Amino acid sequence: MRILVAVKRVPDPNQRVRVHADGSAVETAGLRWVLNPYDETALECAVRWKESGLATEVLVVAAGGSGCKDILRNALALGADRALHLAASDEVAPLAAARAIADVARSEKCDVALVGSQAVDDGAALGPLVGGLLDWPQATRAVSASVAGGTVRVERFGDSGVEALDLDLPCIVTADLRLAAPRFASLTAVLAAKKKVIEERPVTAAGDAARVLSVAAVSRARDARRVSSARELLAALRERGGL
């Protein structure tokens with residue numbers, strides 16, 4: 001079984017992010033960049049399957065500029081076998097990235113695609129896009145996943161509780177943060193990853209149908225007060241124009 005893991009380079013969420021004065025975008029100068037936490041969880045699941053003999057290869061794929069190579073080397077240090085950079089001169093929009101990743105899944109004859117449930121920077125959910133393009137069965141926000149024969153058993157939280165789904169191969173699974181606790185890369189693995197070759201293919205950074213009009217920082221100010229009854233709550237909401 002061959003596993004594809006799609007990863008993304010995102011700003012470290014444990015830092016303060018600033019917005020351009022004109023509100024056009026986030027200020028990226030001086031930011032620390034990391035592997036998207038949801039994708040890191042998906043990678044850990046794939047590596048565990050390989051270590052248990054359920055998979056023969058783990059391929060990590062990232063679409064974007066040259067900075068993607070850093071997270072691809074991080075993924076190699078965490079246990080991936082191969083890394084593929086879908087190179088673009090600019091940031092790749094979610095739909096364009098999904099098309100490129102779907103093409104890789106077909107050409108590499110992958111059996112399972114593991115993707116993070118969402119990106120922590122823009123909230124994009126890449127998994128359903130890739131699954132739709134491939135016409136593969138999929139399970140989103142998985143908290144547990146196991147392989148038996150030609151079936152992947154996934155548990156996910158739904159509206160009515162925990163749902164158990166059996167997916168025939170090939171399939172796509174998007175990882176919740178509870179799916180697997182990521183490991184730390186050892187120094188030996190980091191040094192070995194620096195020597196590995198990262199494959200590269202060009203990709204067109206085409207735009208999506210949706211585009212960002214403006215970005216605004218969330219105010220840290222909090223104007224809150226305690227109410228003693230539902231009647232008082234309704235009065236307060238009417239006063240503030242909430243009702």
# chains A, B, ... in the order shown; residues from 1 in each chain; ligands from 1
>>> closest_atom_pairs(of="region 119-209 of chain A", to="region 10-29 of chain A", cutoff="10 Å", atoms="only C-alpha atoms", output="CSV")
residue,atom,partner,partner_atom,distance
A:Ala119,CA,A:Val10,CA,7.6
A:Val120,CA,A:Val10,CA,7.1
A:Asp121,CA,A:Val10,CA,6.1
A:Asp122,CA,A:Val10,CA,9.1
>>> write_last_selection(atoms="N, CA and C atoms", output="mmCIF file, in the first residue's frame")
data_model
loop_
_atom_site.group_PDB
_atom_site.id
_atom_site.type_symbol
_atom_site.label_atom_id
_atom_site.label_comp_id
_atom_site.auth_asym_id
_atom_site.auth_seq_id
_atom_site.Cartn_x
_atom_site.Cartn_y
_atom_site.Cartn_z
ATOM 1 N N ALA A 119 -6.194 23.800 7.172
ATOM 2 C CA ALA A 119 -4.974 24.565 7.371
ATOM 3 C C ALA A 119 -5.221 25.595 8.464
ATOM 4 N N VAL A 120 -4.244 25.782 9.360
ATOM 5 C CA VAL A 120 -4.468 26.684 10.484
ATOM 6 C C VAL A 120 -4.339 28.150 10.082
ATOM 7 N N ASP A 121 -3.838 28.437 8.875
ATOM 8 C CA ASP A 121 -3.700 29.842 8.485
ATOM 9 C C ASP A 121 -4.959 30.385 7.812
ATOM 10 N N ASP A 122 -5.449 29.695 6.781
ATOM 11 C CA ASP A 122 -6.633 30.195 6.068
ATOM 12 C C ASP A 122 -7.862 29.317 6.232
#
>>> residues_around(residues="Thr174 (chain A)", least_positions_apart="5", cutoff="9 Å", atoms="only C-alpha atoms", output="VMD selection string")
chain A and resid 38 to 39 42 113 to 118 125 to 128 138 to 142
>>> residues_around(residues="Ala80 (chain A)", least_positions_apart="4", cutoff="8 Å", atoms="only C-alpha atoms", output="MDAnalysis selection string")
chainID A and resid 43 47 57:60 75:76
>>> residues_around(residues="Gly65 (chain A)", least_positions_apart="2", cutoff="8 Å", atoms="only C-alpha atoms", output="VMD selection string")
chain A and resid 63 67 to 68 87 to 91
>>> write_last_selection(atoms="N, CA and C atoms", output="PDB file, in the first residue's frame")
ATOM      1  N   ALA A  63       2.712  21.998  -2.210  1.00  0.00           N
ATOM      2  CA  ALA A  63       2.613  22.905  -3.352  1.00  0.00           C
ATOM      3  C   ALA A  63       2.865  24.332  -2.892  1.00  0.00           C
ATOM      4  N   GLY A  67      10.018  27.924  -0.068  1.00  0.00           N
ATOM      5  CA  GLY A  67       9.960  27.676   1.366  1.00  0.00           C
ATOM      6  C   GLY A  67       9.370  26.332   1.726  1.00  0.00           C
ATOM      7  N   CYS A  68       8.635  25.723   0.800  1.00  0.00           N
ATOM      8  CA  CYS A  68       8.031  24.401   1.058  1.00  0.00           C
ATOM      9  C   CYS A  68       9.090  23.329   1.292  1.00  0.00           C
ATOM     10  N   ALA A  87       6.325  22.912  -7.416  1.00  0.00           N
ATOM     11  CA  ALA A  87       6.906  24.248  -7.338  1.00  0.00           C
ATOM     12  C   ALA A  87       6.087  25.280  -8.092  1.00  0.00           C
ATOM     13  N   ALA A  88       5.913  26.431  -7.448  1.00  0.00           N
ATOM     14  CA  ALA A  88       5.216  27.563  -8.055  1.00  0.00           C
ATOM     15  C   ALA A  88       5.920  28.839  -7.629  1.00  0.00           C
ATOM     16  N   SER A  89       5.759  29.884  -8.412  1.00  0.00           N
ATOM     17  CA  SER A  89       6.401  31.155  -8.101  1.00  0.00           C
ATOM     18  C   SER A  89       5.640  31.927  -7.038  1.00  0.00           C
ATOM     19  N   ASP A  90       4.418  31.531  -6.773  1.00  0.00           N
ATOM     20  CA  ASP A  90       3.579  32.242  -5.814  1.00  0.00           C
ATOM     21  C   ASP A  90       2.784  31.226  -5.017  1.00  0.00           C
ATOM     22  N   GLU A  91       2.032  31.695  -4.038  1.00  0.00           N
ATOM     23  CA  GLU A  91       1.187  30.806  -3.243  1.00  0.00           C
ATOM     24  C   GLU A  91       0.146  30.139  -4.135  1.00  0.00           C
TER      25      GLU A  91
END
>>> select_by_dssp(residues="region 33-196 of chain A", states="helix (DSSP H, G or I)", output="number ranges by chain")
A: 37-51, 68-77, 94-107, 126-134, 187-195
>>> residues_around(residues="region 197-206 of chain A", least_positions_apart="4", cutoff="9 Å", atoms="only C-alpha atoms", output="list in words")
Ala63, Gly64, Lys69, Leu72, Arg73, Arg82, Ala83, Leu84, His85, Leu86, Ala87, Ala88, Ser89, Asp90, Glu91, Val92, Ala93, Leu95, Ala96, Ala97, Ala100 and Ala193 of chain A
>>> write_last_selection(atoms="N, CA and C atoms", output="mmCIF file, in the first residue's frame")
data_model
loop_
_atom_site.group_PDB
_atom_site.id
_atom_site.type_symbol
_atom_site.label_atom_id
_atom_site.label_comp_id
_atom_site.auth_asym_id
_atom_site.auth_seq_id
_atom_site.Cartn_x
_atom_site.Cartn_y
_atom_site.Cartn_z
ATOM 1 N N ALA A 63 2.712 21.998 -2.210
ATOM 2 C CA ALA A 63 2.613 22.905 -3.352
ATOM 3 C C ALA A 63 2.865 24.332 -2.892
ATOM 4 N N GLY A 64 3.750 25.036 -3.611
ATOM 5 C CA GLY A 64 4.032 26.417 -3.248
ATOM 6 C C GLY A 64 5.429 26.834 -3.628
ATOM 7 N N LYS A 69 10.296 23.543 0.770
ATOM 8 C CA LYS A 69 11.340 22.524 0.917
ATOM 9 C C LYS A 69 11.701 22.305 2.383
ATOM 10 N N LEU A 72 9.156 19.969 3.817
ATOM 11 C CA LEU A 72 9.321 18.645 3.217
ATOM 12 C C LEU A 72 10.495 17.911 3.861
ATOM 13 N N ARG A 73 11.567 18.626 4.149
ATOM 14 C CA ARG A 73 12.703 17.995 4.842
ATOM 15 C C ARG A 73 12.306 17.623 6.270
ATOM 16 N N ARG A 82 9.697 9.608 0.666
ATOM 17 C CA ARG A 82 9.977 10.483 -0.474
ATOM 18 C C ARG A 82 9.267 11.809 -0.283
ATOM 19 N N ALA A 83 9.821 12.842 -0.937
ATOM 20 C CA ALA A 83 9.211 14.166 -0.869
ATOM 21 C C ALA A 83 9.124 14.742 -2.270
ATOM 22 N N LEU A 84 7.985 15.342 -2.578
ATOM 23 C CA LEU A 84 7.747 15.940 -3.891
ATOM 24 C C LEU A 84 7.294 17.380 -3.708
ATOM 25 N N HIS A 85 8.021 18.297 -4.341
ATOM 26 C CA HIS A 85 7.687 19.717 -4.276
ATOM 27 C C HIS A 85 7.001 20.118 -5.577
ATOM 28 N N LEU A 86 5.744 20.527 -5.471
ATOM 29 C CA LEU A 86 5.017 21.055 -6.617
ATOM 30 C C LEU A 86 5.303 22.554 -6.657
ATOM 31 N N ALA A 87 6.325 22.912 -7.416
ATOM 32 C CA ALA A 87 6.906 24.248 -7.338
ATOM 33 C C ALA A 87 6.087 25.280 -8.092
ATOM 34 N N ALA A 88 5.913 26.431 -7.448
ATOM 35 C CA ALA A 88 5.216 27.563 -8.055
ATOM 36 C C ALA A 88 5.920 28.839 -7.629
ATOM 37 N N SER A 89 5.759 29.884 -8.412
ATOM 38 C CA SER A 89 6.401 31.155 -8.101
ATOM 39 C C SER A 89 5.640 31.927 -7.038
ATOM 40 N N ASP A 90 4.418 31.531 -6.773
ATOM 41 C CA ASP A 90 3.579 32.242 -5.814
ATOM 42 C C ASP A 90 2.784 31.226 -5.017
ATOM 43 N N GLU A 91 2.032 31.695 -4.038
ATOM 44 C CA GLU A 91 1.187 30.806 -3.243
ATOM 45 C C GLU A 91 0.146 30.139 -4.135
ATOM 46 N N VAL A 92 -0.048 28.847 -3.927
ATOM 47 C CA VAL A 92 -0.987 28.082 -4.743
ATOM 48 C C VAL A 92 -2.341 28.046 -4.047
ATOM 49 N N ALA A 93 -3.384 28.460 -4.752
ATOM 50 C CA ALA A 93 -4.732 28.454 -4.195
ATOM 51 C C ALA A 93 -5.198 27.023 -3.936
ATOM 52 N N LEU A 95 -7.822 25.110 -4.657
ATOM 53 C CA LEU A 95 -8.325 24.279 -5.744
ATOM 54 C C LEU A 95 -7.209 23.890 -6.705
ATOM 55 N N ALA A 96 -6.294 24.826 -6.993
ATOM 56 C CA ALA A 96 -5.163 24.510 -7.865
ATOM 57 C C ALA A 96 -4.253 23.475 -7.204
ATOM 58 N N ALA A 97 -4.032 23.605 -5.899
ATOM 59 C CA ALA A 97 -3.221 22.623 -5.175
ATOM 60 C C ALA A 97 -3.891 21.261 -5.186
ATOM 61 N N ALA A 100 -3.371 19.548 -8.534
ATOM 62 C CA ALA A 100 -2.004 19.048 -8.688
ATOM 63 C C ALA A 100 -1.771 17.800 -7.833
ATOM 64 N N ALA A 193 17.828 13.657 6.641
ATOM 65 C CA ALA A 193 16.855 14.292 5.745
ATOM 66 C C ALA A 193 17.502 15.373 4.891
#
>>> closest_residue(among="A:Ser160, A:Ser219, A:Thr188, A:Ser146", to="Arg48 (chain A)", atoms="only C-alpha atoms")
A:Ser146
>>> residues_around(residues="Trp136 (chain A)", least_positions_apart="2", cutoff="6 Å", atoms="only C-alpha atoms", output="number ranges by chain")
A: 131, 134, 171
>>> closest_residue(among="A:Val212, A:Val143, A:Cys110, A:Ala77", to="Arg178 (chain A)", atoms="only C-alpha atoms")
A:Val143
>>> decode(residues="region 84-178 of chain A", atoms="C-alpha atoms", output="PDB file, in the first residue's frame")
ATOM      1  CA  LEU A  84       7.747  15.940  -3.891  1.00  0.00           C
ATOM      2  CA  HIS A  85       7.687  19.717  -4.276  1.00  0.00           C
ATOM      3  CA  LEU A  86       5.017  21.055  -6.617  1.00  0.00           C
ATOM      4  CA  ALA A  87       6.906  24.248  -7.338  1.00  0.00           C
ATOM      5  CA  ALA A  88       5.216  27.563  -8.055  1.00  0.00           C
ATOM      6  CA  SER A  89       6.401  31.155  -8.101  1.00  0.00           C
ATOM      7  CA  ASP A  90       3.579  32.242  -5.814  1.00  0.00           C
ATOM      8  CA  GLU A  91       1.187  30.806  -3.243  1.00  0.00           C
ATOM      9  CA  VAL A  92      -0.987  28.082  -4.743  1.00  0.00           C
ATOM     10  CA  ALA A  93      -4.732  28.454  -4.195  1.00  0.00           C
ATOM     11  CA  PRO A  94      -6.532  25.462  -2.595  1.00  0.00           C
ATOM     12  CA  LEU A  95      -8.325  24.279  -5.744  1.00  0.00           C
ATOM     13  CA  ALA A  96      -5.163  24.510  -7.865  1.00  0.00           C
ATOM     14  CA  ALA A  97      -3.221  22.623  -5.175  1.00  0.00           C
ATOM     15  CA  ALA A  98      -5.947  19.963  -5.004  1.00  0.00           C
ATOM     16  CA  ARG A  99      -5.797  19.435  -8.780  1.00  0.00           C
ATOM     17  CA  ALA A 100      -2.004  19.048  -8.688  1.00  0.00           C
ATOM     18  CA  ILE A 101      -2.110  16.659  -5.711  1.00  0.00           C
ATOM     19  CA  ALA A 102      -4.858  14.579  -7.357  1.00  0.00           C
ATOM     20  CA  ASP A 103      -2.644  14.253 -10.453  1.00  0.00           C
ATOM     21  CA  VAL A 104       0.217  13.028  -8.260  1.00  0.00           C
ATOM     22  CA  ALA A 105      -2.030  10.464  -6.555  1.00  0.00           C
ATOM     23  CA  ARG A 106      -3.019   9.082  -9.965  1.00  0.00           C
ATOM     24  CA  SER A 107       0.483   9.040 -11.482  1.00  0.00           C
ATOM     25  CA  GLU A 108       2.068   7.513  -8.362  1.00  0.00           C
ATOM     26  CA  LYS A 109      -0.741   4.939  -8.068  1.00  0.00           C
ATOM     27  CA  CYS A 110      -1.324   5.755  -4.400  1.00  0.00           C
ATOM     28  CA  ASP A 111      -3.825   3.683  -2.422  1.00  0.00           C
ATOM     29  CA  VAL A 112      -4.547   6.135   0.394  1.00  0.00           C
ATOM     30  CA  ALA A 113      -4.311   9.921   0.635  1.00  0.00           C
ATOM     31  CA  LEU A 114      -3.965  11.300   4.163  1.00  0.00           C
ATOM     32  CA  VAL A 115      -4.544  15.036   4.526  1.00  0.00           C
ATOM     33  CA  GLY A 116      -4.994  17.371   7.471  1.00  0.00           C
ATOM     34  CA  SER A 117      -8.608  18.365   8.107  1.00  0.00           C
ATOM     35  CA  GLN A 118      -7.776  22.039   7.616  1.00  0.00           C
ATOM     36  CA  ALA A 119      -4.974  24.565   7.371  1.00  0.00           C
ATOM     37  CA  VAL A 120      -4.468  26.684  10.484  1.00  0.00           C
ATOM     38  CA  ASP A 121      -3.700  29.842   8.485  1.00  0.00           C
ATOM     39  CA  ASP A 122      -6.633  30.195   6.068  1.00  0.00           C
ATOM     40  CA  GLY A 123      -8.888  27.347   7.244  1.00  0.00           C
ATOM     41  CA  ALA A 124      -8.785  25.680   3.806  1.00  0.00           C
ATOM     42  CA  ALA A 125      -9.982  22.058   3.734  1.00  0.00           C
ATOM     43  CA  LEU A 126      -7.954  20.417   0.969  1.00  0.00           C
ATOM     44  CA  GLY A 127      -9.035  16.815   1.543  1.00  0.00           C
ATOM     45  CA  PRO A 128     -12.615  16.984   0.211  1.00  0.00           C
ATOM     46  CA  LEU A 129     -11.380  18.831  -2.894  1.00  0.00           C
ATOM     47  CA  VAL A 130      -8.821  16.112  -3.650  1.00  0.00           C
ATOM     48  CA  GLY A 131     -11.347  13.351  -2.909  1.00  0.00           C
ATOM     49  CA  GLY A 132     -13.905  14.937  -5.232  1.00  0.00           C
ATOM     50  CA  LEU A 133     -11.410  15.287  -8.067  1.00  0.00           C
ATOM     51  CA  LEU A 134     -10.297  11.668  -7.690  1.00  0.00           C
ATOM     52  CA  ASP A 135     -13.839  10.381  -7.070  1.00  0.00           C
ATOM     53  CA  TRP A 136     -12.526   8.377  -4.106  1.00  0.00           C
ATOM     54  CA  PRO A 137     -14.534   7.478  -1.003  1.00  0.00           C
ATOM     55  CA  GLN A 138     -13.514   9.712   1.875  1.00  0.00           C
ATOM     56  CA  ALA A 139     -13.862  10.225   5.612  1.00  0.00           C
ATOM     57  CA  THR A 140     -13.293  13.618   7.196  1.00  0.00           C
ATOM     58  CA  ARG A 141     -11.990  14.611  10.634  1.00  0.00           C
ATOM     59  CA  ALA A 142     -10.865  11.104  11.543  1.00  0.00           C
ATOM     60  CA  VAL A 143      -9.961  10.485  15.191  1.00  0.00           C
ATOM     61  CA  SER A 144      -9.061   6.829  14.608  1.00  0.00           C
ATOM     62  CA  ALA A 145      -7.974   4.938  11.490  1.00  0.00           C
ATOM     63  CA  SER A 146      -6.851   1.353  10.905  1.00  0.00           C
ATOM     64  CA  VAL A 147      -6.255  -0.892   7.895  1.00  0.00           C
ATOM     65  CA  ALA A 148      -7.531  -4.448   7.435  1.00  0.00           C
ATOM     66  CA  GLY A 149      -7.071  -6.073   4.041  1.00  0.00           C
ATOM     67  CA  GLY A 150      -8.383  -3.734   1.385  1.00  0.00           C
ATOM     68  CA  THR A 151     -10.454  -1.659   3.793  1.00  0.00           C
ATOM     69  CA  VAL A 152      -9.707   1.372   5.954  1.00  0.00           C
ATOM     70  CA  ARG A 153     -11.813   1.584   9.129  1.00  0.00           C
ATOM     71  CA  VAL A 154     -12.244   5.207  10.255  1.00  0.00           C
ATOM     72  CA  GLU A 155     -13.907   6.610  13.343  1.00  0.00           C
ATOM     73  CA  ARG A 156     -14.990  10.245  13.296  1.00  0.00           C
ATOM     74  CA  PHE A 157     -17.158  12.509  15.413  1.00  0.00           C
ATOM     75  CA  GLY A 158     -20.482  13.269  13.739  1.00  0.00           C
ATOM     76  CA  ASP A 159     -23.582  15.161  14.812  1.00  0.00           C
ATOM     77  CA  SER A 160     -25.004  12.086  16.542  1.00  0.00           C
ATOM     78  CA  GLY A 161     -21.787  10.804  18.148  1.00  0.00           C
ATOM     79  CA  VAL A 162     -18.908   8.653  16.944  1.00  0.00           C
ATOM     80  CA  GLU A 163     -19.379   7.268  13.429  1.00  0.00           C
ATOM     81  CA  ALA A 164     -17.507   4.208  12.124  1.00  0.00           C
ATOM     82  CA  LEU A 165     -16.927   4.079   8.363  1.00  0.00           C
ATOM     83  CA  ASP A 166     -15.363   1.345   6.211  1.00  0.00           C
ATOM     84  CA  LEU A 167     -13.687   2.726   3.071  1.00  0.00           C
ATOM     85  CA  ASP A 168     -12.590   0.611   0.127  1.00  0.00           C
ATOM     86  CA  LEU A 169      -9.189   1.379  -1.396  1.00  0.00           C
ATOM     87  CA  PRO A 170      -8.260   3.756  -2.882  1.00  0.00           C
ATOM     88  CA  CYS A 171      -9.632   6.322  -0.446  1.00  0.00           C
ATOM     89  CA  ILE A 172      -8.879   9.620   1.247  1.00  0.00           C
ATOM     90  CA  VAL A 173      -8.892  10.366   4.984  1.00  0.00           C
ATOM     91  CA  THR A 174      -8.580  13.797   6.589  1.00  0.00           C
ATOM     92  CA  ALA A 175      -6.978  13.871  10.019  1.00  0.00           C
ATOM     93  CA  ASP A 176      -8.264  15.493  13.173  1.00  0.00           C
ATOM     94  CA  LEU A 177      -5.637  16.499  15.746  1.00  0.00           C
ATOM     95  CA  ARG A 178      -6.762  13.553  17.907  1.00  0.00           C
TER      96      ARG A 178
END
